[in-house]
Structure formats: structure tokens, C-alpha cells
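Dropping final-v8.cif in here (mmCIF, C-alpha atoms):
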```cif
data_protein
#
loop_
_atom_site.label_atom_id
_atom_site.label_comp_id
_atom_site.auth_asym_id
_atom_site.auth_seq_id
_atom_site.Cartn_x
_atom_site.Cartn_y
_atom_site.Cartn_z
CA MET A 1 8.28 21.06 14.03
CA THR A 2 7.32 22.57 10.67
CA ALA A 3 5.93 20.58 7.76
CA LYS A 4 9.20 20.76 5.87
CA THR A 5 11.24 19.26 8.72
CA LEU A 6 9.19 16.06 8.86
CA ALA A 7 11.44 13.03 8.33
CA SER A 8 10.45 9.79 6.60
CA ARG A 9 10.11 7.95 9.89
CA ASP A 10 7.52 10.53 10.95
CA ALA A 11 5.12 8.77 8.56
CA ILE A 12 4.42 6.34 11.39
CA GLN A 13 3.68 9.14 13.84
CA TRP A 14 1.56 10.93 11.24
CA HIS A 15 -0.60 7.87 10.70
CA SER A 16 -0.75 7.21 14.44
CA ASP A 17 -2.12 10.71 15.00
CA ILE A 18 -4.85 10.28 12.37
CA ALA A 19 -5.57 6.57 12.91
CA SER A 20 -9.22 6.83 13.94
CA ALA A 21 -10.06 9.52 11.38
CA PHE A 22 -8.30 7.55 8.64
CA ASP A 23 -10.22 4.38 9.47
CA ALA A 24 -13.53 6.27 9.55
CA LYS A 25 -12.98 7.38 5.93
CA TYR A 26 -13.69 3.84 4.76
CA ARG A 27 -17.25 4.39 5.96
CA GLY A 28 -17.76 8.05 5.05
CA SER A 29 -15.54 8.95 2.10
CA PRO A 30 -16.54 8.04 -1.50
CA ALA A 31 -12.85 7.88 -2.44
CA PHE A 32 -12.10 5.42 0.37
CA ARG A 33 -15.17 3.35 -0.46
CA GLU A 34 -13.86 3.13 -4.02
CA ARG A 35 -10.46 2.06 -2.68
CA TYR A 36 -12.08 -0.64 -0.57
CA ALA A 37 -14.16 -1.95 -3.49
CA LEU A 38 -11.12 -2.10 -5.80
CA TRP A 39 -8.75 -3.73 -3.33
CA THR A 40 -11.24 -6.31 -2.09
CA ALA A 41 -12.06 -7.21 -5.72
CA LEU A 42 -8.34 -7.76 -6.34
CA ILE A 43 -8.04 -9.87 -3.18
CA ASP A 44 -10.99 -11.94 -4.42
CA ARG A 45 -9.33 -12.33 -7.82
CA PHE A 46 -5.85 -13.28 -6.69
CA GLY A 47 -6.44 -14.75 -3.22
CA ALA A 48 -7.75 -18.14 -2.10
CA ARG A 49 -8.95 -19.72 1.14
CA ASP A 50 -5.79 -21.80 1.57
CA HIS A 51 -3.41 -18.90 0.91
CA VAL A 52 -0.95 -17.33 3.28
CA VAL A 53 -1.31 -13.54 3.07
CA LEU A 54 1.12 -10.87 4.28
CA ASP A 55 -0.17 -7.30 4.69
CA LEU A 56 2.74 -4.86 4.96
CA GLY A 57 1.60 -1.60 6.51
CA CYS A 58 -1.82 -2.98 7.35
CA GLY A 59 -3.05 0.26 8.95
CA SER A 60 -6.40 -0.24 10.65
CA GLY A 61 -6.62 -3.77 9.25
CA ILE A 62 -9.30 -3.19 6.66
CA PHE A 63 -7.79 -5.47 4.00
CA ALA A 64 -6.09 -7.93 6.35
CA THR A 65 -9.42 -8.56 8.05
CA TYR A 66 -11.15 -8.99 4.69
CA ALA A 67 -8.60 -11.61 3.57
CA ALA A 68 -8.92 -13.43 6.91
CA LYS A 69 -12.73 -13.50 6.62
CA ARG A 70 -12.26 -15.25 3.26
CA GLY A 71 -10.33 -18.01 5.04
CA ALA A 72 -6.70 -17.07 4.36
CA GLN A 73 -3.99 -17.26 7.02
CA VAL A 74 -2.97 -13.63 7.45
CA ILE A 75 0.09 -11.93 8.92
CA ALA A 76 -0.39 -8.16 9.24
CA LEU A 77 2.45 -5.73 10.04
CA ASP A 78 2.36 -2.07 10.94
CA GLY A 79 4.67 0.33 12.76
CA SER A 80 1.86 2.26 14.46
CA ASP A 81 0.50 1.07 17.80
CA GLN A 82 -2.69 3.07 17.25
CA MET A 83 -3.35 1.49 13.86
CA LEU A 84 -2.65 -1.99 15.22
CA ALA A 85 -5.07 -1.39 18.10
CA LEU A 86 -7.83 -0.60 15.60
CA ALA A 87 -6.92 -3.61 13.47
CA THR A 88 -6.87 -5.96 16.46
CA ARG A 89 -10.27 -4.68 17.58
CA LYS A 90 -11.71 -5.42 14.13
CA ALA A 91 -10.37 -8.99 14.20
CA GLU A 92 -11.76 -9.54 17.71
CA GLN A 93 -15.18 -8.23 16.70
CA GLU A 94 -15.19 -10.64 13.75
CA ARG A 95 -13.91 -13.46 16.01
CA LEU A 96 -11.09 -14.21 13.61
CA ASN A 97 -8.36 -16.55 14.84
CA ASN A 98 -6.53 -16.80 11.50
CA ILE A 99 -4.86 -13.39 11.59
CA ARG A 100 -1.69 -12.39 13.45
CA PHE A 101 -0.72 -8.76 14.00
CA VAL A 102 2.93 -7.81 14.37
CA HIS A 103 4.33 -4.42 15.37
CA SER A 104 7.06 -3.82 12.81
CA THR A 105 8.19 -1.31 10.23
CA LEU A 106 8.97 -2.37 6.67
CA GLU A 107 12.65 -1.78 7.41
CA GLU A 108 12.53 -4.18 10.39
CA ALA A 109 10.45 -6.87 8.66
CA PRO A 110 13.33 -8.85 7.04
CA ALA A 111 14.61 -9.81 10.51
CA LEU A 112 11.28 -11.36 11.56
CA GLY A 113 11.78 -14.66 9.76
CA LEU A 114 8.36 -14.62 8.14
CA PRO A 115 7.17 -17.53 5.96
CA LEU A 116 6.87 -17.27 2.20
CA VAL A 117 3.41 -16.10 1.19
CA ASP A 118 0.98 -16.55 -1.68
CA LEU A 119 -0.37 -13.00 -1.64
CA LEU A 120 1.30 -9.83 -0.37
CA LEU A 121 -0.61 -6.58 0.17
CA CYS A 122 1.19 -3.23 0.26
CA SER A 123 -1.30 -0.36 0.16
CA SER A 124 0.06 3.21 0.29
CA VAL A 125 3.32 2.26 2.00
CA LEU A 126 6.23 2.45 -0.44
CA GLU A 127 5.86 6.17 -1.07
CA TYR A 128 7.23 6.66 2.46
CA SER A 129 10.30 4.55 1.68
CA GLY A 130 13.58 6.14 0.73
CA ARG A 131 14.97 2.70 -0.23
CA LEU A 132 12.62 1.40 -2.89
CA ASP A 133 14.97 -1.26 -4.28
CA ARG A 134 15.79 -2.57 -0.81
CA ASP A 135 12.14 -2.85 0.15
CA LEU A 136 11.06 -4.44 -3.14
CA HIS A 137 13.89 -6.95 -2.78
CA PHE A 138 12.40 -8.00 0.57
CA ILE A 139 8.87 -8.03 -0.85
CA SER A 140 9.85 -10.16 -3.84
CA SER A 141 11.86 -12.57 -1.67
CA SER A 142 8.81 -12.96 0.62
CA LEU A 143 6.62 -14.32 -2.20
CA LYS A 144 6.39 -17.94 -3.23
CA PRO A 145 7.12 -18.55 -6.94
CA GLY A 146 3.93 -17.53 -8.72
CA GLY A 147 2.80 -15.52 -5.69
CA VAL A 148 1.06 -12.20 -6.24
CA LEU A 149 1.86 -8.71 -4.99
CA LEU A 150 -0.82 -6.01 -4.83
CA VAL A 151 0.97 -2.68 -4.38
CA SER A 152 -0.24 0.89 -4.71
CA MET A 153 1.68 4.10 -5.30
CA PRO A 154 0.74 7.76 -5.78
CA ASN A 155 0.01 8.36 -9.44
CA ALA A 156 2.70 10.87 -10.40
CA GLN A 157 0.95 11.52 -13.74
CA SER A 158 -2.22 12.87 -12.15
CA LEU A 159 -2.88 16.59 -12.21
CA TYR A 160 -3.78 16.44 -8.52
CA ARG A 161 -0.36 15.05 -7.60
CA ARG A 162 1.37 17.76 -9.62
CA VAL A 163 -0.60 20.46 -7.82
CA GLU A 164 0.15 18.73 -4.51
CA ARG A 165 3.90 18.81 -5.15
CA TRP A 166 3.72 22.49 -6.11
CA ALA A 167 1.63 23.39 -3.03
CA TYR A 168 4.03 21.63 -0.68
CA ARG A 169 7.08 23.24 -2.28
CA TRP A 170 5.66 26.73 -1.86
CA PHE A 171 3.31 26.56 1.13
CA GLY A 172 4.25 23.39 3.08
CA VAL A 173 0.82 21.81 2.56
CA PRO A 174 -0.46 19.14 2.68
CA ARG A 175 1.57 18.34 5.80
CA TYR A 176 1.78 14.60 5.18
CA TYR A 177 3.79 15.30 2.03
CA GLY A 178 6.79 15.97 4.23
CA CYS A 179 6.85 12.23 4.95
CA VAL A 180 6.79 11.20 1.29
CA LYS A 181 10.13 9.98 -0.06
CA THR A 182 9.29 8.21 -3.32
CA ILE A 183 7.17 9.47 -6.21
CA THR A 184 7.48 7.56 -9.46
CA GLY A 185 5.57 7.29 -12.71
CA GLU A 186 3.79 4.18 -13.96
CA THR A 187 6.43 3.20 -16.52
CA ALA A 188 9.37 3.80 -14.18
CA PHE A 189 7.76 1.81 -11.38
CA LYS A 190 7.05 -1.11 -13.71
CA GLY A 191 10.77 -1.10 -14.54
CA VAL A 192 11.67 -1.30 -10.84
CA LEU A 193 9.20 -4.14 -10.33
CA ALA A 194 10.71 -6.04 -13.27
CA ARG A 195 14.19 -5.79 -11.70
CA HIS A 196 12.80 -7.73 -8.76
CA SER A 197 11.19 -10.52 -10.79
CA LEU A 198 7.71 -9.04 -10.49
CA GLU A 199 5.65 -9.26 -13.67
CA VAL A 200 2.76 -6.77 -13.86
CA LEU A 201 -0.53 -8.54 -14.58
CA ASP A 202 -2.90 -5.61 -14.17
CA THR A 203 -2.81 -1.88 -13.46
CA ARG A 204 -5.76 0.06 -12.05
CA PHE A 205 -6.05 3.80 -11.49
CA TYR A 206 -8.34 5.09 -8.74
CA GLY A 207 -8.93 8.03 -6.43
CA ALA A 208 -10.23 10.84 -8.67
CA ILE A 209 -10.27 14.10 -6.70
CA GLY A 210 -13.32 16.36 -6.98
CA TRP A 211 -15.62 17.02 -9.91
CA PHE A 212 -12.75 17.85 -12.28
CA GLY A 213 -11.07 14.49 -11.65
CA ALA A 214 -14.39 12.67 -12.05
CA ALA A 215 -15.03 14.46 -15.35
CA MET A 216 -11.57 13.58 -16.68
CA ARG A 217 -12.13 9.94 -15.74
CA MET A 218 -15.45 9.89 -17.61
CA LEU A 219 -13.66 11.27 -20.68
CA GLY A 220 -11.18 8.37 -20.55
CA PHE A 221 -8.24 10.16 -18.92
CA ALA A 222 -8.08 8.18 -15.66
CA ARG A 223 -4.28 8.07 -15.67
CA TYR A 224 -4.25 11.88 -15.47
CA ALA A 225 -7.24 12.20 -13.14
CA ASP A 226 -6.82 9.51 -10.50
CA SER A 227 -4.44 10.12 -7.61
CA LEU A 228 -3.48 6.47 -6.98
CA VAL A 229 -2.50 3.43 -9.00
CA VAL A 230 -2.40 -0.22 -7.92
CA PHE A 231 -0.29 -2.87 -9.63
CA ALA A 232 -1.04 -6.60 -9.49
CA CYS A 233 2.25 -8.45 -10.00
CA ARG A 234 3.27 -12.11 -10.17
CA LYS A 235 6.60 -13.39 -8.84
CA ILE A 236 8.42 -15.08 -11.70
CA GLU A 237 11.51 -17.27 -11.69
CA ARG A 238 14.70 -15.39 -12.53
CA LEU A 239 18.27 -15.26 -11.39
CA PRO A 240 18.49 -13.83 -7.87
CA VAL A 241 18.81 -10.05 -7.62
CA PRO A 242 21.76 -8.97 -5.40
CA VAL A 243 20.73 -7.45 -2.09
CA PRO A 244 20.96 -3.65 -2.45
CA GLY A 245 23.60 -2.02 -0.26
#
```

As C-alpha cells, the full file:
Amino acid sequence: MTAKTLASRDAIQWHSDIASAFDAKYRGSPAFRERYALWTALIDRFGARDHVVLDLGCGSGIFATYAAKRGAQVIALDGSDQMLALATRKAEQERLNNIRFVHSTLEEAPALGLPLVDLLLCSSVLEYSGRLDRDLHFISSSLKPGGVLLVSMPNAQSLYRRVERWAYRWFGVPRYYGCVKTITGETAFKGVLARHSLEVLDTRFYGAIGWFGAAMRMLGFARYADSLVVFACRKIERLPVPVPG
């Protein structure tokens, strides 16, 4: 199978194949250490010990485990057996009994009958979705009124992402890009969030690539340097949004 024949569902297989290497980046990669510091700070800010937390696409469990260690009741979903094995091992090593792992894709999650949650984590998942409105409808409907969503997307404004799109179009690299279905800019994504009663409270750019990205960030151009952006959103009361077809 060539890079350009990868289907969206192959995102699960892709992450299964790289599960151990991906998890190891949180210990060895400056970019992943930055990601960890930012996300855990946001969990500290918006989470609480008595909260119910849902982690959609939990991967190796890095953030689900962190929330559980803070005392939250955590439900963590992922479609990859290999990622869930790593996540389960982390929870066992920490002797956590307040975290439940479920093998499920985002598409399958609405049928699980999950409880409403106070905090929902969705790190680097929605870019692999070809049905953004459908998935955000489920995400919004999973939050309690006033609940908070932390969701990241590729930063389409960054120079790195523009080069990445060009490189894939012409050379089929990076290979994972064949799994990506949704790329959207900051303003457009905020509009989609608003349609689903999600009010943006904070926006943070992160993931500068190389010395050029770091230099641009230092000059105050993070939105054009950093490869990722995370939105902190609150569920607000509005008229129900019809379920997308």
C-alpha cells in the first residue's frame, strides 16, 4: 500500500505501528515535553478532583493517567489495542483504580452510553475525522453544562504545515498525512465549535519545528511557527443542534 492510498481508518493502524516509539517521545522529544507541560497545565486549570473526565483517543494514556492521579474519575477510549496496552500498563504501575480503558473509535463512542463528563480531552484526534460536525456534536453532547473541552488540531496557519501539505502532494511524505482528513484554520474551527455550543475560553499554540520555528516564536509569530493549536472550550446552554446526517 502506498502512502497516497492510506484511508482515514488506517490512522488507527498507523498509531498502532508506532505506539511504543510515540510514547517514548514524551520522555525524549523537546516538542513532546512541551506538549505534556501545556496539556497538564490545562488539566490542572480546568479539572478538579471530583470531576468525571473522558479522554477520546487517549493513545498511550499520558493525559488520562495524569488526570486520574489528580483524583478524577477517568474514562479513556482508543481504537488501538497497542496504545491501550501501554495506557493500561501505566495505570497499573501507578496503582490507579479510578481509570477505565475502553477499546472504541470515536465513531463507535456514541453507542457506548457514556455518562456526561466535566472535562473532555481530545488531543490530536479530530484531524483524522472526515465528519467533524458529527464528532463535535457527540463531544458537545457528552459534556455537562459548563463542562470543558480541551481539543487540539494541526495549525493550518503554520509554515511547517504548509510545507507538509506540499511535500505530501508531490512526494507522498510524511506517510501519516495520508490518514489526515481535516485541516482547518483557527478562525474556521472556532466557528465550528460555536455551532456546537462550545465557547472558546483560551487558545494556545505549541509545537515549533526546528530553529526557524523557535526563532519565529521568539519574534512573536507563534501562530505561524507552531504546528499545533489547543482550544479550551466551555459548553454553554443553547438550543439543541440537529444531529448531522

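Residues matched by the PyMOL selection byres ((chain A and resi 106-109) around 8) in this file are Leu56, Gly57, Asp78, Gly79, Ser104, Thr105, Pro110, Ala111, Leu112, Gly113 and Asp135 of chain A.
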
Counting all atoms listed in the file, figure out which residue out of A:Leu121, A:Phe46, A:Phe22, A:Gln82 gets nearest to A:Thr65.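 Distance minimum relative to A:Thr65 lands on A:Leu121.
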
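Proximity ranking of A:Phe63, A:Tyr206, A:Tyr224, A:Trp39 relative to A:Lys90 places A:Phe63 first, based on all atoms listed in the file.
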
Quick one: everything within 12 Å of A:Leu38, counting only C-alpha atoms, minus sequence neighbours fewer than 6 positions away in the same chain. Send it as a ChimeraX atom specification. /A:31-32,44-45,63,123,150,152,203-207,228-232

Generate a file of the selected residues that holds C-alpha atoms, formatted as a PDB file, in the frame of the given file.
```
ATOM      1  CA  ALA A  31     -12.850   7.880  -2.440  1.00  0.00           C
ATOM      2  CA  PHE A  32     -12.100   5.420   0.370  1.00  0.00           C
ATOM      3  CA  ASP A  44     -10.990 -11.940  -4.420  1.00  0.00           C
ATOM      4  CA  ARG A  45      -9.330 -12.330  -7.820  1.00  0.00           C
ATOM      5  CA  PHE A  63      -7.790  -5.470   4.000  1.00  0.00           C
ATOM      6  CA  SER A 123      -1.300  -0.360   0.160  1.00  0.00           C
ATOM      7  CA  LEU A 150      -0.820  -6.010  -4.830  1.00  0.00           C
ATOM      8  CA  SER A 152      -0.240   0.890  -4.710  1.00  0.00           C
ATOM      9  CA  THR A 203      -2.810  -1.880 -13.460  1.00  0.00           C
ATOM     10  CA  ARG A 204      -5.760   0.060 -12.050  1.00  0.00           C
ATOM     11  CA  PHE A 205      -6.050   3.800 -11.490  1.00  0.00           C
ATOM     12  CA  TYR A 206      -8.340   5.090  -8.740  1.00  0.00           C
ATOM     13  CA  GLY A 207      -8.930   8.030  -6.430  1.00  0.00           C
ATOM     14  CA  LEU A 228      -3.480   6.470  -6.980  1.00  0.00           C
ATOM     15  CA  VAL A 229      -2.500   3.430  -9.000  1.00  0.00           C
ATOM     16  CA  VAL A 230      -2.400  -0.220  -7.920  1.00  0.00           C
ATOM     17  CA  PHE A 231      -0.290  -2.870  -9.630  1.00  0.00           C
ATOM     18  CA  ALA A 232      -1.040  -6.600  -9.490  1.00  0.00           C
TER      19      ALA A 232
END
```

Show me as a list of chain:residue names the residues that reach within 8 Å of (5.4, 8.2, -2.3), counting all atoms listed in the file and using the file's own coordinates.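 Here is the list of nearby residues: A:Ser124, A:Val125, A:Leu126, A:Glu127, A:Tyr128, A:Ser129, A:Met153, A:Pro154, A:Val180, A:Lys181, A:Thr182, A:Ile183, A:Thr184.
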
One residue among A:Ala214, A:Leu119, A:Ala11, A:Val192 is nearest to A:Asp55 when using only C-alpha atoms, and that residue is A:Leu119

Convert the output of the PyMOL selection byres ((chain A and resi 73) around 6) on the shown file into explicit residues, formatted as number ranges by chain. A: 52, 72, 74, 98

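Of the residues under consideration (A:Ile62, A:Asp23, A:His103, A:Arg131), A:Ile62 shows the shortest atom-to-atom contact distance to A:Tyr36 when counting all atoms listed in the file.
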
Could you pull the residues within 10 Å of A:Ala85, counting all atoms listed in the file, minus those fewer than 3 positions along the same chain, as a list in words? Ala19, Gly59, Ser60, Gly61, Ser80, Asp81, Gln82, Thr88, Arg89, Lys90 and Phe101 of chain A

Quick one: pull the distance between atom CA of A:His137 and atom CA of A:Ala64, Å, one decimal.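 Computed distance, atom CA of A:His137 to atom CA of A:Ala64, equals 22.0 Å.
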
Pick from A:Arg223, A:Thr187, A:Gly178, A:Ala91, whichever lies nearest to A:Ala76 using only C-alpha atoms: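 Of all the options, A:Ala91 lies closest to A:Ala76.
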
So how many Å separate atom CA of A:Ile43 and atom CA of A:Gln93, to one decimal?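 Between atom CA of A:Ile43 and atom CA of A:Gln93 the gap works out to 21.2 Å.
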
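Atom CA of A:Thr40 is positioned 13.7 Å from atom CA of A:Cys58.
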